[in-house]
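File shown: query-v3.cif. Contents: mmCIF, C-alpha atoms.
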```cif
data_structure
#
loop_
_atom_site.group_PDB
_atom_site.id
_atom_site.type_symbol
_atom_site.label_atom_id
_atom_site.label_comp_id
_atom_site.auth_asym_id
_atom_site.auth_seq_id
_atom_site.Cartn_x
_atom_site.Cartn_y
_atom_site.Cartn_z
ATOM 1 C CA MET A 102 -11.002 39.888 -32.405
ATOM 2 C CA LYS A 103 -9.511 42.485 -30.007
ATOM 3 C CA ARG A 104 -9.540 39.953 -27.149
ATOM 4 C CA LYS A 105 -7.730 37.428 -29.365
ATOM 5 C CA ILE A 106 -5.025 39.975 -30.235
ATOM 6 C CA ILE A 107 -4.527 40.934 -26.583
ATOM 7 C CA LEU A 108 -4.181 37.297 -25.518
ATOM 8 C CA SER A 109 -1.687 36.655 -28.324
ATOM 9 C CA VAL A 110 0.423 39.638 -27.260
ATOM 10 C CA LEU A 111 0.369 38.557 -23.591
ATOM 11 C CA PHE A 112 1.410 35.040 -24.567
ATOM 12 C CA VAL A 113 4.379 36.362 -26.528
ATOM 13 C CA PHE A 114 5.392 38.732 -23.751
ATOM 14 C CA LEU A 115 5.166 36.213 -20.911
ATOM 15 C CA PHE A 116 6.595 33.082 -22.517
ATOM 16 C CA CYS A 117 8.908 34.193 -25.294
ATOM 17 C CA GLN A 118 12.611 33.820 -24.434
ATOM 18 C CA TYR A 119 13.786 35.685 -27.545
ATOM 19 C CA SER A 120 15.692 38.958 -27.677
ATOM 20 C CA GLN A 121 13.838 42.274 -27.691
ATOM 21 C CA ALA A 122 14.224 42.485 -31.477
ATOM 22 C CA SER A 123 12.761 39.008 -31.918
ATOM 23 C CA PHE A 124 9.917 39.899 -29.587
ATOM 24 C CA LEU A 125 9.053 42.988 -31.639
ATOM 25 C CA ASP A 126 9.196 40.997 -34.871
ATOM 26 C CA LEU A 127 6.883 38.352 -33.465
ATOM 27 C CA LEU A 128 4.509 40.996 -32.142
ATOM 28 C CA LYS A 129 4.397 42.629 -35.563
ATOM 29 C CA ASP A 130 3.617 39.249 -37.168
ATOM 30 C CA THR A 131 0.788 38.722 -34.670
ATOM 31 C CA LEU A 132 -0.767 42.096 -35.414
ATOM 32 C CA ASP A 133 -0.265 41.713 -39.161
ATOM 33 C CA SER A 134 -2.025 38.349 -39.021
ATOM 34 C CA ALA A 135 -4.987 39.920 -37.234
ATOM 35 C CA GLY A 136 -5.045 42.686 -39.796
ATOM 36 C CA ALA A 137 -5.082 40.149 -42.616
ATOM 37 C CA THR A 138 -8.099 38.447 -41.055
ATOM 38 C CA LYS A 139 -9.894 41.771 -40.866
ATOM 39 C CA THR A 140 -9.032 42.496 -44.489
ATOM 40 C CA SER A 141 -10.307 39.065 -45.500
ATOM 41 C CA SER A 142 -13.597 39.677 -43.711
ATOM 42 C CA GLY A 143 -13.899 43.042 -45.395
ATOM 43 C CA LYS A 144 -13.260 41.452 -48.767
ATOM 44 C CA ILE A 145 -15.942 38.836 -48.117
ATOM 45 C CA ASP A 146 -18.399 41.539 -47.118
ATOM 46 C CA LEU A 147 -17.654 43.638 -50.178
ATOM 47 C CA GLY A 148 -17.708 40.597 -52.437
ATOM 48 C CA LEU A 149 -21.135 39.462 -51.324
ATOM 49 C CA LYS A 150 -22.544 42.953 -51.612
ATOM 50 C CA GLU A 151 -21.076 43.245 -55.076
ATOM 51 C CA ALA A 152 -22.529 39.859 -56.004
ATOM 52 C CA LEU A 153 -25.971 41.001 -54.899
ATOM 53 C CA ASN A 154 -25.651 44.311 -56.701
ATOM 54 C CA VAL A 155 -24.569 42.551 -59.899
ATOM 55 C CA GLY A 156 -27.407 40.076 -59.500
ATOM 56 C CA ILE A 157 -29.960 42.813 -58.920
ATOM 57 C CA LYS A 158 -28.712 44.760 -61.922
ATOM 58 C CA ASN A 159 -29.118 41.683 -64.109
ATOM 59 C CA ALA A 160 -32.509 40.809 -62.628
ATOM 60 C CA ILE A 161 -33.868 44.304 -63.151
ATOM 61 C CA HIS A 162 -32.465 44.440 -66.669
ATOM 62 C CA TYR A 163 -34.165 41.131 -67.457
ATOM 63 C CA LEU A 164 -37.538 41.859 -65.832
ATOM 64 C CA GLY A 165 -37.689 45.571 -66.583
ATOM 65 C CA LYS A 166 -38.018 45.114 -70.327
ATOM 66 C CA ASN A 167 -41.095 44.405 -72.428
ATOM 67 C CA ASN A 168 -42.380 40.892 -71.650
ATOM 68 C CA GLY A 169 -39.847 40.507 -68.830
ATOM 69 C CA TYR A 170 -42.614 39.236 -66.576
ATOM 70 C CA PHE A 171 -45.344 38.387 -69.065
ATOM 71 C CA THR A 172 -43.532 35.691 -71.059
ATOM 72 C CA ASN A 173 -41.609 34.184 -68.137
ATOM 73 C CA GLN A 174 -43.874 31.518 -66.671
ATOM 74 C CA ALA A 175 -41.831 31.419 -63.452
ATOM 75 C CA VAL A 176 -42.623 35.042 -62.569
ATOM 76 C CA LYS A 177 -45.649 35.935 -64.719
ATOM 77 C CA ILE A 178 -48.326 37.631 -62.620
ATOM 78 C CA LEU A 179 -51.476 35.559 -62.904
ATOM 79 C CA LEU A 180 -55.058 36.417 -62.077
ATOM 80 C CA PRO A 181 -55.790 36.749 -58.355
ATOM 81 C CA GLU A 182 -57.147 33.484 -56.977
ATOM 82 C CA GLU A 183 -60.613 34.960 -56.398
ATOM 83 C CA VAL A 184 -60.871 35.967 -60.059
ATOM 84 C CA ARG A 185 -59.285 32.739 -61.276
ATOM 85 C CA GLN A 186 -62.073 30.741 -59.658
ATOM 86 C CA ALA A 187 -64.560 32.468 -61.930
ATOM 87 C CA GLU A 188 -62.296 32.657 -65.022
ATOM 88 C CA SER A 189 -64.001 29.886 -66.995
ATOM 89 C CA ILE A 190 -67.399 31.464 -66.365
ATOM 90 C CA LEU A 191 -66.144 34.901 -67.367
ATOM 91 C CA ARG A 192 -64.743 33.527 -70.600
ATOM 92 C CA GLY A 193 -67.957 31.609 -71.169
ATOM 93 C CA VAL A 194 -69.985 34.803 -71.131
ATOM 94 C CA GLY A 195 -67.656 36.568 -73.553
ATOM 95 C CA PHE A 196 -65.471 38.387 -71.015
ATOM 96 C CA GLY A 197 -62.267 36.620 -72.079
ATOM 97 C CA PRO A 198 -60.632 39.608 -73.814
ATOM 98 C CA GLN A 199 -61.067 41.737 -70.703
ATOM 99 C CA VAL A 200 -59.498 38.997 -68.569
ATOM 100 C CA ASP A 201 -56.517 38.810 -70.937
ATOM 101 C CA GLU A 202 -56.125 42.594 -70.975
ATOM 102 C CA PHE A 203 -56.163 42.690 -67.189
ATOM 103 C CA THR A 204 -53.493 39.982 -66.944
ATOM 104 C CA LEU A 205 -51.288 41.762 -69.481
ATOM 105 C CA SER A 206 -51.743 45.121 -67.753
ATOM 106 C CA MET A 207 -50.594 43.726 -64.386
ATOM 107 C CA ASN A 208 -47.415 42.381 -65.954
ATOM 108 C CA ARG A 209 -46.760 45.566 -67.910
ATOM 109 C CA ALA A 210 -47.058 47.583 -64.714
ATOM 110 C CA ALA A 211 -44.570 45.274 -62.975
ATOM 111 C CA GLU A 212 -42.126 45.524 -65.891
ATOM 112 C CA LYS A 213 -42.324 49.288 -65.782
ATOM 113 C CA ALA A 214 -41.843 49.427 -62.002
ATOM 114 C CA ALA A 215 -38.978 46.908 -61.740
ATOM 115 C CA PRO A 216 -36.132 49.405 -62.419
ATOM 116 C CA LEU A 217 -37.463 51.623 -59.638
ATOM 117 C CA ALA A 218 -36.499 48.953 -57.096
ATOM 118 C CA ALA A 219 -32.754 49.387 -57.718
ATOM 119 C CA ASP A 220 -32.154 52.065 -55.077
ATOM 120 C CA ILE A 221 -34.347 50.266 -52.556
ATOM 121 C CA PHE A 222 -32.318 47.081 -52.914
ATOM 122 C CA SER A 223 -28.991 48.941 -52.849
ATOM 123 C CA ASN A 224 -29.842 50.594 -49.527
ATOM 124 C CA ALA A 225 -30.829 47.239 -48.040
ATOM 125 C CA ILE A 226 -27.586 45.614 -49.211
ATOM 126 C CA ALA A 227 -25.490 48.435 -47.753
ATOM 127 C CA GLU A 228 -26.850 47.585 -44.277
ATOM 128 C CA MET A 229 -25.512 44.012 -44.389
ATOM 129 C CA SER A 230 -22.992 43.358 -41.582
ATOM 130 C CA PHE A 231 -19.646 41.534 -41.631
ATOM 131 C CA ASP A 232 -21.100 38.676 -39.569
ATOM 132 C CA ASP A 233 -24.036 38.343 -41.951
ATOM 133 C CA ALA A 234 -21.628 38.223 -44.887
ATOM 134 C CA ASN A 235 -19.527 35.448 -43.351
ATOM 135 C CA LYS A 236 -22.605 33.325 -42.637
ATOM 136 C CA ILE A 237 -23.987 33.921 -46.117
ATOM 137 C CA LEU A 238 -20.714 32.952 -47.809
ATOM 138 C CA ARG A 239 -20.883 29.551 -46.113
ATOM 139 C CA GLY A 240 -24.575 29.151 -46.961
ATOM 140 C CA GLY A 241 -26.330 27.632 -49.942
ATOM 141 C CA ASN A 242 -26.499 28.954 -53.478
ATOM 142 C CA THR A 243 -29.276 31.425 -52.638
ATOM 143 C CA ALA A 244 -28.185 32.319 -49.086
ATOM 144 C CA ALA A 245 -27.673 36.024 -49.841
ATOM 145 C CA THR A 246 -31.023 36.328 -51.617
ATOM 146 C CA ASP A 247 -32.770 34.483 -48.781
ATOM 147 C CA TYR A 248 -31.124 36.794 -46.251
ATOM 148 C CA LEU A 249 -32.137 39.896 -48.159
ATOM 149 C CA LYS A 250 -35.704 38.666 -48.565
ATOM 150 C CA GLY A 251 -36.047 37.651 -44.930
ATOM 151 C CA LYS A 252 -34.630 40.886 -43.570
ATOM 152 C CA THR A 253 -36.207 43.434 -45.895
ATOM 153 C CA TYR A 254 -39.221 42.015 -47.746
ATOM 154 C CA ASP A 255 -41.917 43.940 -45.860
ATOM 155 C CA LYS A 256 -39.933 47.179 -45.974
ATOM 156 C CA LEU A 257 -39.189 46.733 -49.666
ATOM 157 C CA LEU A 258 -42.847 46.011 -50.376
ATOM 158 C CA GLU A 259 -43.906 49.158 -48.548
ATOM 159 C CA LEU A 260 -41.460 51.271 -50.552
ATOM 160 C CA PHE A 261 -42.148 49.465 -53.827
ATOM 161 C CA GLU A 262 -45.943 49.830 -53.743
ATOM 162 C CA PRO A 263 -46.055 53.559 -54.661
ATOM 163 C CA ALA A 264 -43.909 52.878 -57.738
ATOM 164 C CA VAL A 265 -46.200 50.044 -58.805
ATOM 165 C CA ARG A 266 -49.307 52.120 -58.118
ATOM 166 C CA LYS A 267 -47.983 54.808 -60.444
ATOM 167 C CA THR A 268 -47.318 52.379 -63.280
ATOM 168 C CA MET A 269 -50.646 50.627 -62.707
ATOM 169 C CA SER A 270 -52.493 53.851 -63.429
ATOM 170 C CA GLN A 271 -50.647 54.117 -66.751
ATOM 171 C CA TYR A 272 -51.896 50.685 -67.792
ATOM 172 C CA LYS A 273 -55.367 51.068 -66.251
ATOM 173 C CA VAL A 274 -54.875 47.979 -64.097
ATOM 174 C CA THR A 275 -57.287 49.047 -61.357
ATOM 175 C CA GLU A 276 -59.884 50.131 -63.898
ATOM 176 C CA ARG A 277 -59.738 46.745 -65.617
ATOM 177 C CA TYR A 278 -59.786 44.935 -62.286
ATOM 178 C CA ASP A 279 -62.906 46.820 -61.169
ATOM 179 C CA ALA A 280 -64.632 45.905 -64.438
ATOM 180 C CA ILE A 281 -63.866 42.228 -63.921
ATOM 181 C CA THR A 282 -64.867 42.104 -60.252
ATOM 182 C CA GLY A 283 -68.044 43.977 -61.075
ATOM 183 C CA LYS A 284 -68.837 41.347 -63.676
ATOM 184 C CA VAL A 285 -68.098 38.537 -61.210
ATOM 185 C CA LYS A 286 -70.434 40.083 -58.663
ATOM 186 C CA ASN A 287 -73.267 40.152 -61.185
ATOM 187 C CA LEU A 288 -72.795 36.592 -62.410
ATOM 188 C CA PRO A 289 -75.744 34.439 -61.252
ATOM 189 C CA VAL A 290 -73.522 31.400 -60.623
ATOM 190 C CA VAL A 291 -70.873 33.275 -58.646
ATOM 191 C CA GLY A 292 -72.580 36.361 -57.283
ATOM 192 C CA LYS A 293 -69.950 37.397 -54.751
ATOM 193 C CA THR A 294 -67.982 40.546 -54.048
ATOM 194 C CA ILE A 295 -64.198 40.290 -54.336
ATOM 195 C CA ASN A 296 -62.317 42.360 -51.796
ATOM 196 C CA LEU A 297 -58.671 42.547 -52.797
ATOM 197 C CA ASP A 298 -56.092 45.328 -52.749
ATOM 198 C CA VAL A 299 -54.978 44.902 -56.347
ATOM 199 C CA ASN A 300 -52.082 47.337 -55.895
ATOM 200 C CA GLN A 301 -50.631 45.279 -53.056
ATOM 201 C CA TYR A 302 -51.264 42.083 -55.013
ATOM 202 C CA VAL A 303 -49.341 43.272 -58.079
ATOM 203 C CA SER A 304 -46.596 44.800 -55.916
ATOM 204 C CA SER A 305 -46.005 41.597 -53.957
ATOM 205 C CA LYS A 306 -46.033 39.434 -57.082
ATOM 206 C CA ALA A 307 -43.644 41.811 -58.853
ATOM 207 C CA LEU A 308 -41.281 41.736 -55.866
ATOM 208 C CA ASP A 309 -41.515 37.936 -55.641
ATOM 209 C CA GLY A 310 -40.472 37.827 -59.292
ATOM 210 C CA LEU A 311 -37.469 40.031 -58.606
ATOM 211 C CA PHE A 312 -36.326 37.795 -55.742
ATOM 212 C CA HIS A 313 -36.842 34.699 -57.882
ATOM 213 C CA VAL A 314 -34.609 36.006 -60.669
ATOM 214 C CA LEU A 315 -32.117 37.393 -58.136
ATOM 215 C CA ALA A 316 -31.816 33.902 -56.624
ATOM 216 C CA GLN A 317 -31.035 32.538 -60.076
ATOM 217 C CA GLU A 318 -28.408 35.226 -60.592
ATOM 218 C CA GLU A 319 -26.781 34.512 -57.220
ATOM 219 C CA THR A 320 -26.662 30.792 -57.975
ATOM 220 C CA ASN A 321 -25.073 31.560 -61.326
ATOM 221 C CA ILE A 322 -22.393 33.749 -59.732
ATOM 222 C CA ARG A 323 -21.612 31.080 -57.121
ATOM 223 C CA THR A 324 -21.478 28.126 -59.529
ATOM 224 C CA ASN A 325 -20.431 29.590 -62.879
ATOM 225 C CA PRO A 326 -16.973 31.236 -63.038
ATOM 226 C CA LYS A 327 -17.971 33.079 -66.218
ATOM 227 C CA ALA A 328 -20.668 34.954 -64.274
ATOM 228 C CA ARG A 329 -18.049 36.525 -61.970
ATOM 229 C CA VAL A 330 -17.619 39.673 -63.981
ATOM 230 C CA THR A 331 -15.303 41.568 -61.600
ATOM 231 C CA ASP A 332 -11.957 40.751 -59.979
ATOM 232 C CA LEU A 333 -13.514 40.954 -56.517
ATOM 233 C CA LEU A 334 -16.181 38.378 -57.369
ATOM 234 C CA LYS A 335 -13.532 36.097 -58.861
ATOM 235 C CA ASP A 336 -11.479 36.359 -55.664
ATOM 236 C CA VAL A 337 -14.305 35.855 -53.163
ATOM 237 C CA PHE A 338 -16.105 33.041 -54.979
ATOM 238 C CA LYS A 339 -13.046 31.141 -56.266
#
```
As C-alpha coordinates, please, write out the structure in this file.
Amino acid sequence: MKRKIILSVLFVFLFCQYSQASFLDLLKDTLDSAGATKTSSGKIDLGLKEALNVGIKNAIHYLGKNNGYFTNQAVKILLPEEVRQAESILRGVGFGPQVDEFTLSMNRAAEKAAPLAADIFSNAIAEMSFDDANKILRGGNTAATDYLKGKTYDKLLELFEPAVRKTMSQYKVTERYDAITGKVKNLPVVGKTINLDVNQYVSSKALDGLFHVLAQEETNIRTNPKARVTDLLKDVFK
(Lines of atoms letter the chains of each structure in order from A and count residues from 1; the text may use other names and numbers.)
(Lines give C-alpha, C1' and ligand atoms only; values in the text may rest on other atoms or scores of the structure.)
Protein backbone atom coordinates (compact mmCIF):
# COMPACT_ATOMS: atom_id res chain seq x y z
CA MET A 1 0.00 0.00 0.00
CA LYS A 2 2.80 2.46 0.92
CA ARG A 3 4.63 1.69 -2.34
CA LYS A 4 1.42 2.34 -4.30
CA ILE A 5 0.95 5.72 -2.61
CA ILE A 6 4.55 6.74 -3.27
CA LEU A 7 4.30 5.82 -6.96
CA SER A 8 1.03 7.74 -7.27
CA VAL A 9 2.60 10.84 -5.72
CA LEU A 10 5.66 10.62 -8.00
CA PHE A 11 3.42 10.26 -11.04
CA VAL A 12 1.49 13.39 -10.10
CA PHE A 13 4.65 15.35 -9.37
CA LEU A 14 6.50 14.39 -12.55
CA PHE A 15 3.73 14.50 -15.15
CA CYS A 16 1.09 16.90 -13.88
CA GLN A 17 1.09 20.26 -15.69
CA TYR A 18 -1.40 21.84 -13.29
CA SER A 19 -0.81 24.79 -10.98
CA GLN A 20 0.59 24.26 -7.49
CA ALA A 21 -2.92 24.48 -6.03
CA SER A 22 -4.19 21.83 -8.45
CA PHE A 23 -1.22 19.64 -7.63
CA LEU A 24 -1.96 19.83 -3.90
CA ASP A 25 -5.63 19.06 -4.49
CA LEU A 26 -4.76 16.04 -6.60
CA LEU A 27 -2.24 14.86 -4.02
CA LYS A 28 -4.86 15.14 -1.30
CA ASP A 29 -7.31 13.10 -3.42
CA THR A 30 -4.64 10.43 -3.90
CA LEU A 31 -3.95 10.15 -0.19
CA ASP A 32 -7.64 10.26 0.70
CA SER A 33 -8.29 7.42 -1.74
CA ALA A 34 -5.57 5.33 -0.09
CA GLY A 35 -7.04 6.13 3.29
CA ALA A 36 -10.47 5.01 2.12
CA THR A 37 -9.03 1.68 1.01
CA LYS A 38 -7.44 1.22 4.42
CA THR A 39 -10.73 2.07 6.11
CA SER A 40 -12.54 -0.41 3.89
CA SER A 41 -10.08 -3.15 4.80
CA GLY A 42 -10.50 -2.31 8.46
CA LYS A 43 -14.26 -2.49 8.11
CA ILE A 44 -14.01 -5.89 6.43
CA ASP A 45 -11.76 -7.14 9.20
CA LEU A 46 -14.05 -5.87 11.93
CA GLY A 47 -17.13 -7.15 10.12
CA LEU A 48 -15.83 -10.68 9.80
CA LYS A 49 -14.71 -10.75 13.40
CA GLU A 50 -18.10 -9.48 14.47
CA ALA A 51 -19.79 -12.11 12.31
CA LEU A 52 -17.76 -14.84 13.99
CA ASN A 53 -18.42 -13.45 17.44
CA VAL A 54 -22.16 -13.26 16.74
CA GLY A 55 -22.07 -16.77 15.33
CA ILE A 56 -20.17 -18.13 18.31
CA LYS A 57 -22.55 -16.44 20.73
CA ASN A 58 -25.51 -18.06 18.97
CA ALA A 59 -23.80 -21.44 18.73
CA ILE A 60 -22.90 -21.48 22.41
CA HIS A 61 -26.37 -20.33 23.38
CA TYR A 62 -27.87 -23.15 21.31
CA LEU A 63 -25.51 -25.93 22.42
CA GLY A 64 -24.97 -24.78 25.99
CA LYS A 65 -28.53 -25.47 27.07
CA ASN A 66 -30.15 -28.71 28.20
CA ASN A 67 -30.33 -31.12 25.24
CA GLY A 68 -28.30 -28.74 23.07
CA TYR A 69 -26.12 -31.65 22.00
CA PHE A 70 -28.20 -34.64 23.03
CA THR A 71 -31.26 -34.04 20.84
CA ASN A 72 -29.39 -32.62 17.84
CA GLN A 73 -28.48 -35.60 15.68
CA ALA A 74 -25.90 -33.55 13.76
CA VAL A 75 -23.76 -32.93 16.86
CA LYS A 76 -24.91 -35.55 19.39
CA ILE A 77 -21.92 -37.31 20.94
CA LEU A 78 -22.28 -41.01 20.23
CA LEU A 79 -20.58 -43.99 21.80
CA PRO A 80 -16.88 -44.33 20.95
CA GLU A 81 -16.41 -46.69 18.02
CA GLU A 82 -14.76 -49.35 20.19
CA VAL A 83 -17.78 -49.44 22.50
CA ARG A 84 -20.25 -49.20 19.62
CA GLN A 85 -18.89 -52.42 18.16
CA ALA A 86 -19.98 -54.25 21.29
CA GLU A 87 -23.20 -52.25 21.88
CA SER A 88 -25.62 -54.95 20.72
CA ILE A 89 -23.90 -57.51 22.95
CA LEU A 90 -23.94 -55.16 25.92
CA ARG A 91 -27.65 -54.54 25.47
CA GLY A 92 -28.21 -58.25 25.02
CA VAL A 93 -26.76 -58.99 28.44
CA GLY A 94 -28.86 -56.33 30.14
CA PHE A 95 -26.32 -53.49 30.10
CA GLY A 96 -28.47 -51.20 27.94
CA PRO A 97 -29.41 -48.70 30.68
CA GLN A 98 -25.75 -48.16 31.53
CA VAL A 99 -24.95 -47.57 27.85
CA ASP A 100 -27.75 -44.99 27.62
CA GLU A 101 -26.63 -43.27 30.82
CA PHE A 102 -23.08 -43.05 29.52
CA THR A 103 -24.22 -41.53 26.22
CA LEU A 104 -26.40 -38.98 28.01
CA SER A 105 -23.62 -38.09 30.46
CA MET A 106 -21.16 -37.33 27.64
CA ASN A 107 -23.64 -34.95 26.03
CA ARG A 108 -24.54 -33.30 29.33
CA ALA A 109 -20.86 -32.67 30.01
CA ALA A 110 -20.46 -31.08 26.57
CA GLU A 111 -23.53 -28.89 27.09
CA LYS A 112 -22.17 -27.71 30.40
CA ALA A 113 -18.70 -26.99 28.98
CA ALA A 114 -19.80 -25.22 25.78
CA PRO A 115 -20.14 -21.71 27.31
CA LEU A 116 -16.60 -21.98 28.65
CA ALA A 117 -15.29 -21.90 25.07
CA ALA A 118 -16.41 -18.29 24.50
CA ASP A 119 -13.20 -16.62 25.68
CA ILE A 120 -11.04 -19.16 23.87
CA PHE A 121 -12.78 -18.44 20.57
CA SER A 122 -12.73 -14.67 21.13
CA ASN A 123 -8.95 -14.67 21.62
CA ALA A 124 -8.48 -16.72 18.45
CA ILE A 125 -10.69 -14.35 16.43
CA ALA A 126 -8.81 -11.30 17.70
CA GLU A 127 -5.61 -12.67 16.11
CA MET A 128 -7.12 -12.72 12.60
CA SER A 129 -5.19 -10.44 10.20
CA PHE A 130 -6.44 -7.99 7.57
CA ASP A 131 -5.19 -10.25 4.77
CA ASP A 132 -6.97 -13.24 6.28
CA ALA A 133 -10.17 -11.22 6.50
CA ASN A 134 -10.03 -10.17 2.84
CA LYS A 135 -9.50 -13.76 1.69
CA ILE A 136 -12.28 -15.03 3.93
CA LEU A 137 -14.76 -12.43 2.68
CA ARG A 138 -14.26 -13.72 -0.87
CA GLY A 139 -14.50 -17.35 0.26
CA GLY A 140 -17.44 -19.70 0.58
CA ASN A 141 -20.26 -19.59 3.10
CA THR A 142 -18.17 -21.23 5.82
CA ALA A 143 -14.78 -19.69 4.95
CA ALA A 144 -14.37 -17.92 8.31
CA THR A 145 -15.31 -21.04 10.28
CA ASP A 146 -12.96 -23.16 8.18
CA TYR A 147 -10.16 -20.65 8.75
CA LEU A 148 -10.74 -20.59 12.48
CA LYS A 149 -10.86 -24.37 12.68
CA GLY A 150 -7.75 -24.85 10.56
CA LYS A 151 -5.70 -22.28 12.44
CA THR A 152 -6.74 -22.97 16.03
CA TYR A 153 -8.37 -26.39 16.42
CA ASP A 154 -5.50 -28.10 18.26
CA LYS A 155 -4.91 -25.09 20.50
CA LEU A 156 -8.62 -24.78 21.24
CA LEU A 157 -8.84 -28.48 22.03
CA GLU A 158 -5.93 -28.23 24.44
CA LEU A 159 -7.55 -25.31 26.25
CA PHE A 160 -11.05 -26.79 26.10
CA GLU A 161 -10.16 -30.18 27.58
CA PRO A 162 -9.78 -29.00 31.22
CA ALA A 163 -13.25 -27.42 31.08
CA VAL A 164 -14.74 -30.64 29.72
CA ARG A 165 -12.86 -32.74 32.26
CA LYS A 166 -14.38 -30.68 35.05
CA THR A 167 -17.93 -31.10 33.76
CA MET A 168 -17.35 -34.79 33.07
CA SER A 169 -16.64 -35.39 36.73
CA GLN A 170 -19.97 -33.77 37.61
CA TYR A 171 -21.82 -36.23 35.39
CA LYS A 172 -19.63 -39.24 36.25
CA VAL A 173 -18.73 -39.77 32.60
CA THR A 174 -15.40 -41.47 33.28
CA GLU A 175 -16.92 -43.64 35.99
CA ARG A 176 -19.65 -44.83 33.61
CA TYR A 177 -17.13 -45.33 30.82
CA ASP A 178 -14.91 -47.49 33.04
CA ALA A 179 -17.93 -49.62 33.99
CA ILE A 180 -18.78 -50.20 30.34
CA THR A 181 -15.24 -50.96 29.20
CA GLY A 182 -14.81 -53.29 32.14
CA LYS A 183 -17.93 -55.13 31.05
CA VAL A 184 -16.69 -55.31 27.45
CA LYS A 185 -13.40 -56.78 28.60
CA ASN A 186 -15.19 -59.54 30.48
CA LEU A 187 -17.57 -60.46 27.67
CA PRO A 188 -16.66 -63.91 26.30
CA VAL A 189 -17.47 -62.90 22.70
CA VAL A 190 -15.51 -59.64 22.78
CA GLY A 191 -12.93 -60.04 25.51
CA LYS A 192 -10.73 -57.07 24.66
CA THR A 193 -9.41 -54.07 26.53
CA ILE A 194 -10.46 -50.65 25.22
CA ASN A 195 -7.77 -48.01 25.50
CA LEU A 196 -9.31 -44.60 24.88
CA ASP A 197 -8.84 -41.20 26.48
CA VAL A 198 -12.52 -40.52 27.08
CA ASN A 199 -11.84 -36.92 28.13
CA GLN A 200 -10.14 -36.15 24.83
CA TYR A 201 -12.88 -38.00 22.96
CA VAL A 202 -15.69 -35.96 24.52
CA SER A 203 -13.69 -32.73 24.19
CA SER A 204 -13.02 -33.22 20.48
CA LYS A 205 -16.62 -34.21 19.75
CA ALA A 206 -17.93 -31.23 21.73
CA LEU A 207 -15.61 -28.88 19.82
CA ASP A 208 -16.59 -30.46 16.48
CA GLY A 209 -20.21 -29.74 17.41
CA LEU A 210 -19.41 -26.11 18.13
CA PHE A 211 -17.69 -25.68 14.76
CA HIS A 212 -20.58 -27.40 13.01
CA VAL A 213 -23.15 -25.01 14.47
CA LEU A 214 -20.81 -22.05 13.96
CA ALA A 215 -20.60 -22.94 10.26
CA GLN A 216 -24.39 -22.90 10.09
CA GLU A 217 -24.47 -19.52 11.80
CA GLU A 218 -21.88 -18.06 9.42
CA THR A 219 -23.81 -19.34 6.41
CA ASN A 220 -26.96 -17.78 7.82
CA ILE A 221 -25.26 -14.40 8.30
CA ARG A 222 -23.85 -14.48 4.76
CA THR A 223 -27.06 -15.56 3.02
CA ASN A 224 -29.89 -14.25 5.20
CA PRO A 225 -30.14 -10.45 5.61
CA LYS A 226 -32.31 -10.90 8.71
CA ALA A 227 -29.40 -12.62 10.48
CA ARG A 228 -27.23 -9.48 10.18
CA VAL A 229 -28.15 -8.07 13.54
CA THR A 230 -25.75 -5.09 13.59
CA ASP A 231 -25.13 -2.18 11.22
CA LEU A 232 -21.56 -3.35 10.61
CA LEU A 233 -22.70 -6.81 9.51
CA LYS A 234 -25.31 -5.25 7.23
CA ASP A 235 -22.64 -3.06 5.64
CA VAL A 236 -19.96 -5.73 5.17
CA PHE A 237 -22.23 -8.53 3.94
CA LYS A 238 -24.60 -6.44 1.79
Given the file above and the PyMOL selection byres ((chain A and resi 264-268) around 12), which residues are selected, and can you give them as a PyMOL selection string? chain A and resi 206-219+221+257-263+269-275+298-308
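For the pair atom CA of Gly148 of chain A and atom CA of Asp233 of chain A, the separation is 12.5 Å.
Residues in contact range of segment 169-186 of chain A, defined as at most 6 Å between all atoms listed in the file, with sequence neighbours fewer than 3 positions away removed, read Tyr163, Leu164, Gly165, Lys166, Asn208 and Gly310 of chain A.
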Write the selection just made, keeping C-alpha atoms, as an mmCIF file, keeping the file's coordinate frame?
```
data_model
loop_
_atom_site.group_PDB
_atom_site.id
_atom_site.type_symbol
_atom_site.label_atom_id
_atom_site.label_comp_id
_atom_site.auth_asym_id
_atom_site.auth_seq_id
_atom_site.Cartn_x
_atom_site.Cartn_y
_atom_site.Cartn_z
ATOM 1 C CA TYR A 163 -34.165 41.131 -67.457
ATOM 2 C CA LEU A 164 -37.538 41.859 -65.832
ATOM 3 C CA GLY A 165 -37.689 45.571 -66.583
ATOM 4 C CA LYS A 166 -38.018 45.114 -70.327
ATOM 5 C CA ASN A 208 -47.415 42.381 -65.954
ATOM 6 C CA GLY A 310 -40.472 37.827 -59.292
#
```
Excluding Asp146 of chain A and residues on its chain fewer than 5 positions from it, collect all residues at most 9 Å away from it, counting all atoms listed in the file, and give them as JSON, numbers by chain. {"A": [141, 151, 229, 230, 231, 232, 233, 234, 235, 238]}
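In this structure, atom CA of Gly193 of chain A sits 29.8 Å away from atom CA of Asn167 of chain A.
If you look at atom CA of Lys250 of chain A and atom CA of Asn224 of chain A, they are 13.3 Å away from each other.
In terms of minimum interatomic distance to Glu318 of chain A, A:Ala245 ranks closest within A:Ile295, A:Leu205, A:Ile145, A:Ala245, counting all atoms listed in the file.
Among the candidates A:Ala328, A:Val194, A:Ile161, A:Leu311, the one nearest to Thr246 of chain A when counting only C-alpha atoms is A:Leu311.
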Which polymer residues have any atom within 9 Å of an atom of Thr253 of chain A, counting all atoms listed in the file, with same-chain residues fewer than 5 positions away left out, as a ChimeraX atom specification? /A:222,225,248,258
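For Ser223 of chain A, the non-local neighbours within 9 Å, defined as residues at least 5 positions apart in the same chain or in other chains and counting only C-alpha atoms, are Lys150, Leu153, Asn154, Ile157, Ala218 and Glu228 of chain A.
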Resulting file, chosen residues, C-alpha atoms, as a JSON list (two decimals), in the coordinates of the input:
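The new file again-v6.json reads:
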```json
[["chain", "number", "residue", "atom", "x", "y", "z"],
["A", 150, "LYS", "CA", -22.54, 42.95, -51.61],
["A", 153, "LEU", "CA", -25.97, 41.00, -54.90],
["A", 154, "ASN", "CA", -25.65, 44.31, -56.70],
["A", 157, "ILE", "CA", -29.96, 42.81, -58.92],
["A", 218, "ALA", "CA", -36.50, 48.95, -57.10],
["A", 228, "GLU", "CA", -26.85, 47.58, -44.28]]
```
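Minimum atom-to-atom distances from A:Asp201, A:Ala280, A:Ile226, A:Asp220 to Leu147 of chain A were compared using only C-alpha atoms, and the lowest value belongs to A:Ile226.
Restricting the calculation to only C-alpha atoms, the smallest distance between Asp336 of chain A and any of A:Asp247, A:Arg323, A:Phe196, A:Tyr278 is found for A:Arg323.
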Axis-aligned box for all listed atoms of segment 315-332 of chain A, 4 Å per side, centre and edges in Å to one decimal, as AutoDock Vina command-line options:
```
--center_x -22.0 --center_y 34.8 --center_z -61.4 --size_x 28.2 --size_y 21.4 --size_z 17.6
```
Compare A:Ser189, A:Asn168, A:Thr243, A:Asn287 by their minimum atom-to-atom distance to Leu149 of chain A, counting all atoms listed in the file, and give me the closest one. A:Thr243
For the PyMOL selection byres ((chain A and resi 321) around 12), applied here, can you spell out every residue it catches as a ChimeraX atom specification? /A:152-153,155-156,159-160,242-243,314-320,322-330,334,338
